[in-house]
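Heads up: the structure comes next, in structure tokens.
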Amino acid sequence: MTTFQSVAVIGAGAWGTALAMVAARAGRNVTLWARNPEHATRIASSRDNPRLPGVRLAPEIIITSDLALAARADMLLIAVPAQHLRGAVNMLASHLEKPVPIIACAKGIEHGTHKFMTDVIAEAAPHAQPAILSGPSFADDVARGLPTAVTLAAKDDALASSLVQALGSPTFRPYHSTDVRGVEIGGAAKNVLAIAAGIVVGRNLGASALAALTTRGFSELARFGRASGARTETLSGLSGLGDLLLSCSTAQSRNFALGIALGRGEAAPAGKLAEGAFTAPVLVELAAAGNVDMPVSQAVAAILDGRLTIDAAIEGLLTRPFRAEE
């Protein structure tokens with residue numbers, strides 16, 4: 001089994017910082033890369049990141065803005081938003097001196113190309129070994145060492161297993177998988193469904209409505225996943241159902257918080273990127289191309305681009321023909 005002793009995290013936001021802490025707890029040599037030199041210097045000197053307040057970085061973590069230095073690591077975690085993944089990997093690719101695993105840690109689908117995260121990595125860095133990390137997790141919990149379980153998928157089972165061994169610790173438990181597409185679909189689709197759940201809460205439609213929305217949302221996530229070749233156990237596992245349940249239950253989820261604001265008729269929370277807003281139209285287009293029925297996701301996409309009011313969307317969902325449970 002391959003041993004990955006050094007880990008570089010590309011992206012020094014809250015999630016990237018949390019993952020750097022994960023790798024340090026697992027005993028790896030860790031480099032955290034920040035694009036802004038001033039941001040890197042501040043974190044290095046203070047050992048805290050203003051984007052993740054109250055969390056002190058382990059002293060052994062190296063913080064840098066030198067991408068060439070970060071690229072020397074045995075494995076790379078890309079912790080930038082999905083829509084910036086290609087740009088980050090493009091910059092990184094020219095510094096890679098050997099084939100290395102590049103693990104996408106964002107949940108989404110690239111706008112414009114309709115590409116999933118590992119496909120973007122494969123195009124931007126053809127000699128890399130793409131992988132995906134997804135599952136029910138929040139940066140603050142992970143950084144503080146609270147118990148967390150996620151899924152890490154790569155096409156090669158031995159590689160996925162080695163990556164899990166490199167990152168796992170008593171408080172961070174990754175499960176390995178070869179169902180790359182299933183993990184990617186679970187992470188991307190749940191972002192859209194979390195917006196829908198937030199709208200239900202913001203509209204004060206009640207706990208029964210939220211439970212119905214969550215389960216029906218998972219049903220369409222599973223339909224899309226199966227049509228795309230994903231395995232049922234992946235969709236009902238951590239990176240599918242588990243991630244959806246977490247994201248639909250707490251305002252820590254940026255997508256859920258966006259939905260709450262929409263349901264209340266308020267402006268979107270300032271300074272918070274809700275990846276589901278980018279994913280919704282792409283997901284709906286992919287579903288339509290595959291003849292997959294995704295009414296909740298379609299409603300979210302229509303609300304976000306102003307084609308449908310929330311009241312009209314609710315009425316449309318409630319007046320759909322009765323059908324058998326699936």
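Naming scheme: A, B, ... for chains in displayed order of the structure tokens; residues 1 onward per chain; ligands 1 onward as shown.
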
Compile a residue-level contact table for stretch 148-222 of chain A against stretch 16-34 of chain A at a cut-off of 7 Å, reporting for every qualifying residue the shortest atom pair and its distance in Å to one decimal, with only C-alpha atoms counted, rows ordered by chain and ascending number, as JSON lines.
{"residue": "A:Ala166", "atom": "CA", "partner": "A:Ala26", "partner_atom": "CA", "distance": 6.7}
{"residue": "A:Leu167", "atom": "CA", "partner": "A:Ala23", "partner_atom": "CA", "distance": 5.4}
{"residue": "A:Gly168", "atom": "CA", "partner": "A:Ala26", "partner_atom": "CA", "distance": 6.0}
{"residue": "A:Ser169", "atom": "CA", "partner": "A:Ala26", "partner_atom": "CA", "distance": 5.4}

Selected residues written out with N, CA, C and O atoms, as a PDB file, in the first residue's frame:
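Produced file again.pdb, reproduced below:
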ATOM      1  N   ALA A 166      -4.107   7.616   4.962  1.00  0.00           N
ATOM      2  CA  ALA A 166      -3.266   8.798   5.171  1.00  0.00           C
ATOM      3  C   ALA A 166      -3.986   9.915   5.920  1.00  0.00           C
ATOM      4  O   ALA A 166      -3.342  10.715   6.604  1.00  0.00           O
ATOM      5  N   LEU A 167      -5.300   9.970   5.806  1.00  0.00           N
ATOM      6  CA  LEU A 167      -6.055  11.083   6.395  1.00  0.00           C
ATOM      7  C   LEU A 167      -6.840  10.694   7.648  1.00  0.00           C
ATOM      8  O   LEU A 167      -7.249  11.566   8.413  1.00  0.00           O
ATOM      9  N   GLY A 168      -7.085   9.416   7.834  1.00  0.00           N
ATOM     10  CA  GLY A 168      -7.937   8.985   8.929  1.00  0.00           C
ATOM     11  C   GLY A 168      -7.299   9.155  10.300  1.00  0.00           C
ATOM     12  O   GLY A 168      -6.077   9.071  10.462  1.00  0.00           O
ATOM     13  N   SER A 169      -8.156   9.399  11.300  1.00  0.00           N
ATOM     14  CA  SER A 169      -7.724   9.545  12.683  1.00  0.00           C
ATOM     15  C   SER A 169      -8.905   9.158  13.577  1.00  0.00           C
ATOM     16  O   SER A 169     -10.011   8.924  13.077  1.00  0.00           O
TER      17      SER A 169
END

Proximity check stretch 157-256 of chain A to stretch 96-104 of chain A, 12 Å, nearest pairs one decimal Å, only C-alpha atoms, as CSV:
residue,atom,partner,partner_atom,distance
A:Leu159,CA,A:Pro101,CA,8.4
A:Ala160,CA,A:Pro101,CA,9.6
A:Ser162,CA,A:Pro101,CA,10.5
A:Leu163,CA,A:Pro101,CA,8.5
A:Val164,CA,A:Ile103,CA,11.3
A:Ala166,CA,A:Pro101,CA,11.9
A:Leu167,CA,A:Ile103,CA,11.7
A:Val180,CA,A:Ala104,CA,11.0
A:Val183,CA,A:Ala104,CA,11.2
A:Glu184,CA,A:Ala104,CA,9.6
A:Gly187,CA,A:Ala104,CA,11.4

Find the nearest atom pair between each residue of stretch 129-243 of chain A and stretch 296-308 of chain A for residues within 9 Å, count only C-alpha atoms, give distances in Å to one decimal, sort rows by chain and ascending number, and present the table as JSON lines.
{"residue": "A:Ala189", "atom": "CA", "partner": "A:Ser297", "partner_atom": "CA", "distance": 8.2}
{"residue": "A:Val192", "atom": "CA", "partner": "A:Ser297", "partner_atom": "CA", "distance": 6.3}
{"residue": "A:Leu193", "atom": "CA", "partner": "A:Ser297", "partner_atom": "CA", "distance": 6.5}
{"residue": "A:Ile195", "atom": "CA", "partner": "A:Val300", "partner_atom": "CA", "distance": 7.2}
{"residue": "A:Ala196", "atom": "CA", "partner": "A:Val300", "partner_atom": "CA", "distance": 6.2}
{"residue": "A:Leu213", "atom": "CA", "partner": "A:Val296", "partner_atom": "CA", "distance": 8.1}
{"residue": "A:Arg216", "atom": "CA", "partner": "A:Val296", "partner_atom": "CA", "distance": 8.1}
{"residue": "A:Gly217", "atom": "CA", "partner": "A:Val296", "partner_atom": "CA", "distance": 6.4}
{"residue": "A:Glu220", "atom": "CA", "partner": "A:Val296", "partner_atom": "CA", "distance": 8.0}

Please produce a file of those selected residues containing all heavy atoms, as a PDB file, in the first residue's frame.
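Dumped to out-v9.pdb:
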ATOM      1  N   ALA A 189     -25.956  17.286  -5.652  1.00  0.00           N
ATOM      2  CA  ALA A 189     -27.415  17.373  -5.615  1.00  0.00           C
ATOM      3  C   ALA A 189     -27.937  17.798  -4.251  1.00  0.00           C
ATOM      4  O   ALA A 189     -28.921  18.534  -4.157  1.00  0.00           O
ATOM      5  CB  ALA A 189     -28.027  16.038  -6.028  1.00  0.00           C
ATOM      6  N   VAL A 192     -28.473  21.560  -3.748  1.00  0.00           N
ATOM      7  CA  VAL A 192     -29.703  22.115  -4.315  1.00  0.00           C
ATOM      8  C   VAL A 192     -30.885  21.807  -3.414  1.00  0.00           C
ATOM      9  O   VAL A 192     -31.731  22.667  -3.135  1.00  0.00           O
ATOM     10  CB  VAL A 192     -29.936  21.548  -5.729  1.00  0.00           C
ATOM     11  CG1 VAL A 192     -31.223  22.094  -6.327  1.00  0.00           C
ATOM     12  CG2 VAL A 192     -28.742  21.870  -6.629  1.00  0.00           C
ATOM     13  N   LEU A 193     -30.952  20.581  -2.930  1.00  0.00           N
ATOM     14  CA  LEU A 193     -32.072  20.168  -2.080  1.00  0.00           C
ATOM     15  C   LEU A 193     -32.042  20.871  -0.729  1.00  0.00           C
ATOM     16  O   LEU A 193     -33.095  21.110  -0.130  1.00  0.00           O
ATOM     17  CB  LEU A 193     -32.043  18.651  -1.913  1.00  0.00           C
ATOM     18  CG  LEU A 193     -32.208  17.881  -3.229  1.00  0.00           C
ATOM     19  CD1 LEU A 193     -31.941  16.404  -3.017  1.00  0.00           C
ATOM     20  CD2 LEU A 193     -33.587  18.100  -3.832  1.00  0.00           C
ATOM     21  N   ILE A 195     -31.235  23.962  -0.328  1.00  0.00           N
ATOM     22  CA  ILE A 195     -31.889  25.260  -0.567  1.00  0.00           C
ATOM     23  C   ILE A 195     -33.401  25.102  -0.461  1.00  0.00           C
ATOM     24  O   ILE A 195     -34.101  25.916   0.167  1.00  0.00           O
ATOM     25  CB  ILE A 195     -31.499  25.822  -1.946  1.00  0.00           C
ATOM     26  CG1 ILE A 195     -30.000  26.148  -1.984  1.00  0.00           C
ATOM     27  CG2 ILE A 195     -32.317  27.075  -2.279  1.00  0.00           C
ATOM     28  CD1 ILE A 195     -29.498  26.594  -3.351  1.00  0.00           C
ATOM     29  N   ALA A 196     -33.926  24.028  -1.058  1.00  0.00           N
ATOM     30  CA  ALA A 196     -35.362  23.771  -0.987  1.00  0.00           C
ATOM     31  C   ALA A 196     -35.807  23.592   0.456  1.00  0.00           C
ATOM     32  O   ALA A 196     -36.851  24.119   0.881  1.00  0.00           O
ATOM     33  CB  ALA A 196     -35.715  22.532  -1.808  1.00  0.00           C
ATOM     34  N   LEU A 213     -40.272  16.955   2.212  1.00  0.00           N
ATOM     35  CA  LEU A 213     -39.376  17.531   1.203  1.00  0.00           C
ATOM     36  C   LEU A 213     -38.027  16.806   1.194  1.00  0.00           C
ATOM     37  O   LEU A 213     -37.483  16.495   0.134  1.00  0.00           O
ATOM     38  CB  LEU A 213     -39.193  19.019   1.502  1.00  0.00           C
ATOM     39  CG  LEU A 213     -38.348  19.920   0.577  1.00  0.00           C
ATOM     40  CD1 LEU A 213     -36.867  19.755   0.797  1.00  0.00           C
ATOM     41  CD2 LEU A 213     -38.693  19.716  -0.874  1.00  0.00           C
ATOM     42  N   ARG A 216     -38.514  13.211  -0.293  1.00  0.00           N
ATOM     43  CA  ARG A 216     -38.797  13.267  -1.739  1.00  0.00           C
ATOM     44  C   ARG A 216     -37.575  13.812  -2.494  1.00  0.00           C
ATOM     45  O   ARG A 216     -37.297  13.406  -3.628  1.00  0.00           O
ATOM     46  CB  ARG A 216     -40.021  14.140  -2.026  1.00  0.00           C
ATOM     47  CG  ARG A 216     -41.318  13.612  -1.455  1.00  0.00           C
ATOM     48  CD  ARG A 216     -41.516  12.126  -1.704  1.00  0.00           C
ATOM     49  NE  ARG A 216     -41.464  11.789  -3.117  1.00  0.00           N
ATOM     50  CZ  ARG A 216     -41.256  10.558  -3.583  1.00  0.00           C
ATOM     51  NH1 ARG A 216     -41.057   9.564  -2.762  1.00  0.00           N
ATOM     52  NH2 ARG A 216     -41.235  10.336  -4.883  1.00  0.00           N
ATOM     53  N   GLY A 217     -36.868  14.719  -1.868  1.00  0.00           N
ATOM     54  CA  GLY A 217     -35.644  15.223  -2.484  1.00  0.00           C
ATOM     55  C   GLY A 217     -34.605  14.126  -2.640  1.00  0.00           C
ATOM     56  O   GLY A 217     -33.957  14.003  -3.682  1.00  0.00           O
ATOM     57  N   GLU A 220     -35.377  11.874  -5.603  1.00  0.00           N
ATOM     58  CA  GLU A 220     -34.963  12.339  -6.932  1.00  0.00           C
ATOM     59  C   GLU A 220     -33.445  12.349  -7.074  1.00  0.00           C
ATOM     60  O   GLU A 220     -32.923  12.112  -8.164  1.00  0.00           O
ATOM     61  CB  GLU A 220     -35.585  13.688  -7.272  1.00  0.00           C
ATOM     62  CG  GLU A 220     -35.167  14.876  -6.457  1.00  0.00           C
ATOM     63  CD  GLU A 220     -35.879  16.146  -6.942  1.00  0.00           C
ATOM     64  OE1 GLU A 220     -37.125  16.169  -6.979  1.00  0.00           O
ATOM     65  OE2 GLU A 220     -35.187  17.114  -7.292  1.00  0.00           O
TER      66      GLU A 220
END

| request: Going by DSSP on the backbone, which bits of stretch 153-235 of chain A are strand (DSSP E or B)? Write them as a VMD selection string, please. | output: chain A and resid 153 to 154 169 172 to 177

Dump as a compact mmCIF listing (two decimals), in the first residue's frame, selection limited to N, CA and C atoms:
# COMPACT_ATOMS: atom_id res chain seq x y z
N ALA A 153 -13.46 8.84 -2.57
CA ALA A 153 -13.59 7.92 -3.71
C ALA A 153 -12.54 8.20 -4.76
N ALA A 154 -12.01 7.11 -5.32
CA ALA A 154 -11.11 7.14 -6.47
C ALA A 154 -11.42 5.91 -7.31
N SER A 169 -8.16 9.40 11.30
CA SER A 169 -7.72 9.54 12.68
C SER A 169 -8.90 9.16 13.58
N PHE A 172 -11.68 11.64 12.72
CA PHE A 172 -12.02 11.87 11.31
C PHE A 172 -11.95 10.53 10.61
N ARG A 173 -13.13 9.99 10.27
CA ARG A 173 -13.20 8.63 9.74
C ARG A 173 -13.65 8.67 8.28
N PRO A 174 -12.74 8.58 7.33
CA PRO A 174 -13.13 8.49 5.93
C PRO A 174 -13.35 7.03 5.53
N TYR A 175 -14.40 6.78 4.76
CA TYR A 175 -14.65 5.48 4.16
C TYR A 175 -14.26 5.55 2.69
N HIS A 176 -13.59 4.51 2.17
CA HIS A 176 -13.15 4.59 0.79
C HIS A 176 -14.14 3.90 -0.14
N SER A 177 -14.15 4.36 -1.39
CA SER A 177 -15.09 3.86 -2.40
C SER A 177 -14.48 4.02 -3.78

| field | Shell around A:Ala197 at 8 Å using only C-alpha atoms, local window under 4 positions removed, as a ChimeraX atom specification | value | /A:193,201,210,213-214,248,256,259-260

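Using only C-alpha atoms for every distance, the candidate list A:Ala207, A:Ala93, A:Ala14, A:Ala287 yields A:Ala14 as the residue closest to A:Pro53.
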
| Filtered DSSP result for stretch 176-222 of chain A, state helix (DSSP H, G or I), as JSON, numbers by chain | {"A": [180, 181, 182, 183, 184, 185, 186, 187, 188, 189, 190, 191, 192, 193, 194, 195, 196, 197, 198, 199, 200, 201, 202, 207, 208, 209, 210, 211, 212, 213, 214, 215, 216, 217, 218, 219, 220, 221, 222]}

Take the residues from that selection and put them in a file with C-alpha atoms, as a PDB file, in the first residue's frame.
ATOM      1  CA  VAL A 180     -16.619   8.303  -7.862  1.00  0.00           C
ATOM      2  CA  ARG A 181     -19.714   9.475  -9.705  1.00  0.00           C
ATOM      3  CA  GLY A 182     -22.043   8.446  -6.902  1.00  0.00           C
ATOM      4  CA  VAL A 183     -20.050  10.454  -4.377  1.00  0.00           C
ATOM      5  CA  GLU A 184     -19.955  13.471  -6.688  1.00  0.00           C
ATOM      6  CA  ILE A 185     -23.685  13.338  -7.415  1.00  0.00           C
ATOM      7  CA  GLY A 186     -24.588  13.016  -3.746  1.00  0.00           C
ATOM      8  CA  GLY A 187     -22.528  16.061  -2.801  1.00  0.00           C
ATOM      9  CA  ALA A 188     -23.710  18.218  -5.689  1.00  0.00           C
ATOM     10  CA  ALA A 189     -27.415  17.373  -5.615  1.00  0.00           C
ATOM     11  CA  LYS A 190     -27.784  17.731  -1.862  1.00  0.00           C
ATOM     12  CA  ASN A 191     -26.679  21.383  -2.138  1.00  0.00           C
ATOM     13  CA  VAL A 192     -29.703  22.115  -4.315  1.00  0.00           C
ATOM     14  CA  LEU A 193     -32.072  20.168  -2.080  1.00  0.00           C
ATOM     15  CA  ALA A 194     -30.752  21.972   1.004  1.00  0.00           C
ATOM     16  CA  ILE A 195     -31.889  25.260  -0.567  1.00  0.00           C
ATOM     17  CA  ALA A 196     -35.362  23.771  -0.987  1.00  0.00           C
ATOM     18  CA  ALA A 197     -35.371  22.631   2.643  1.00  0.00           C
ATOM     19  CA  GLY A 198     -34.348  26.104   3.760  1.00  0.00           C
ATOM     20  CA  ILE A 199     -37.230  27.622   1.816  1.00  0.00           C
ATOM     21  CA  VAL A 200     -39.636  25.299   3.664  1.00  0.00           C
ATOM     22  CA  VAL A 201     -38.246  26.452   7.012  1.00  0.00           C
ATOM     23  CA  GLY A 202     -38.150  30.114   6.023  1.00  0.00           C
ATOM     24  CA  ALA A 207     -41.745  19.954  10.350  1.00  0.00           C
ATOM     25  CA  SER A 208     -43.993  17.578   8.414  1.00  0.00           C
ATOM     26  CA  ALA A 209     -43.382  19.487   5.200  1.00  0.00           C
ATOM     27  CA  LEU A 210     -39.635  19.531   5.855  1.00  0.00           C
ATOM     28  CA  ALA A 211     -39.588  15.763   6.400  1.00  0.00           C
ATOM     29  CA  ALA A 212     -41.595  15.193   3.216  1.00  0.00           C
ATOM     30  CA  LEU A 213     -39.376  17.531   1.203  1.00  0.00           C
ATOM     31  CA  THR A 214     -36.185  15.869   2.472  1.00  0.00           C
ATOM     32  CA  THR A 215     -37.336  12.354   1.658  1.00  0.00           C
ATOM     33  CA  ARG A 216     -38.797  13.267  -1.739  1.00  0.00           C
ATOM     34  CA  GLY A 217     -35.644  15.223  -2.484  1.00  0.00           C
ATOM     35  CA  PHE A 218     -33.509  12.200  -1.701  1.00  0.00           C
ATOM     36  CA  SER A 219     -35.747  10.116  -3.965  1.00  0.00           C
ATOM     37  CA  GLU A 220     -34.963  12.339  -6.932  1.00  0.00           C
ATOM     38  CA  LEU A 221     -31.284  12.472  -6.015  1.00  0.00           C
ATOM     39  CA  ALA A 222     -31.269   8.671  -6.083  1.00  0.00           C
TER      40      ALA A 222
END

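Neighbouring residues of A:Thr232 at 10 Å or closer, counting only C-alpha atoms and skipping chain neighbours under 4 positions away, are A:Asp179, A:Gly182, A:Ala222, A:Arg223, A:Gly225, A:Arg226, A:Ser236, A:Gly237, A:Gly240.
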
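Between atom CA of A:Gln5 and atom CA of A:Val55 there is a distance of 24.0 Å.
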
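Nearest residue to A:Thr2, choosing from A:Ser161, A:Ala73, A:Gly112, A:Pro269 and counting only C-alpha atoms: A:Ser161.
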
| said: With distances taken over only C-alpha atoms, which residue among A:Gln83, A:Ser247, A:Ser134, A:Thr151 lies nearest A:Leu273? | reply: A:Gln83

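Of the listed residues A:Phe322, A:Phe278, A:Phe4, A:Phe138, the one whose atoms come nearest to A:Asp243 is A:Phe138, with distances taken using only C-alpha atoms.
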
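Omitting stretch 44-47 of chain A and its sequence neighbours fewer than 6 positions away, and counting only C-alpha atoms, the residues within 10 Å are Leu32, Glu38, Val55, Arg56, Leu57, Ala58, Pro59, Ile61, Ile62, Ile63 and Thr64 of chain A.
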
Expected file contents, prior selection, C-alpha atoms, as an mmCIF file, in the first residue's frame:
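Resulting contents of result-v8.cif:
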data_model
loop_
_atom_site.group_PDB
_atom_site.id
_atom_site.type_symbol
_atom_site.label_atom_id
_atom_site.label_comp_id
_atom_site.auth_asym_id
_atom_site.auth_seq_id
_atom_site.Cartn_x
_atom_site.Cartn_y
_atom_site.Cartn_z
ATOM 1 C CA LEU A 32 -1.518 24.936 3.669
ATOM 2 C CA GLU A 38 -0.731 38.649 3.078
ATOM 3 C CA VAL A 55 -9.424 27.511 15.997
ATOM 4 C CA ARG A 56 -5.680 27.502 16.596
ATOM 5 C CA LEU A 57 -3.619 25.875 13.852
ATOM 6 C CA ALA A 58 -1.226 23.105 14.786
ATOM 7 C CA PRO A 59 2.319 24.512 15.003
ATOM 8 C CA ILE A 61 1.468 23.107 9.662
ATOM 9 C CA ILE A 62 3.450 25.154 7.117
ATOM 10 C CA ILE A 63 1.508 28.073 5.638
ATOM 11 C CA THR A 64 2.710 29.445 2.315
#

| remark: A straight line from atom CA of A:Lys155 to atom CA of A:Leu76 spans 16.5 Å

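Across A:Leu286, A:Ile109, A:Val9, A:Val120, the tightest approach to A:Val80 is made by A:Val9 when counting only C-alpha atoms.
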
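Here atom CA of A:Pro130 stands at a distance of 21.5 Å from atom CA of A:Leu283.
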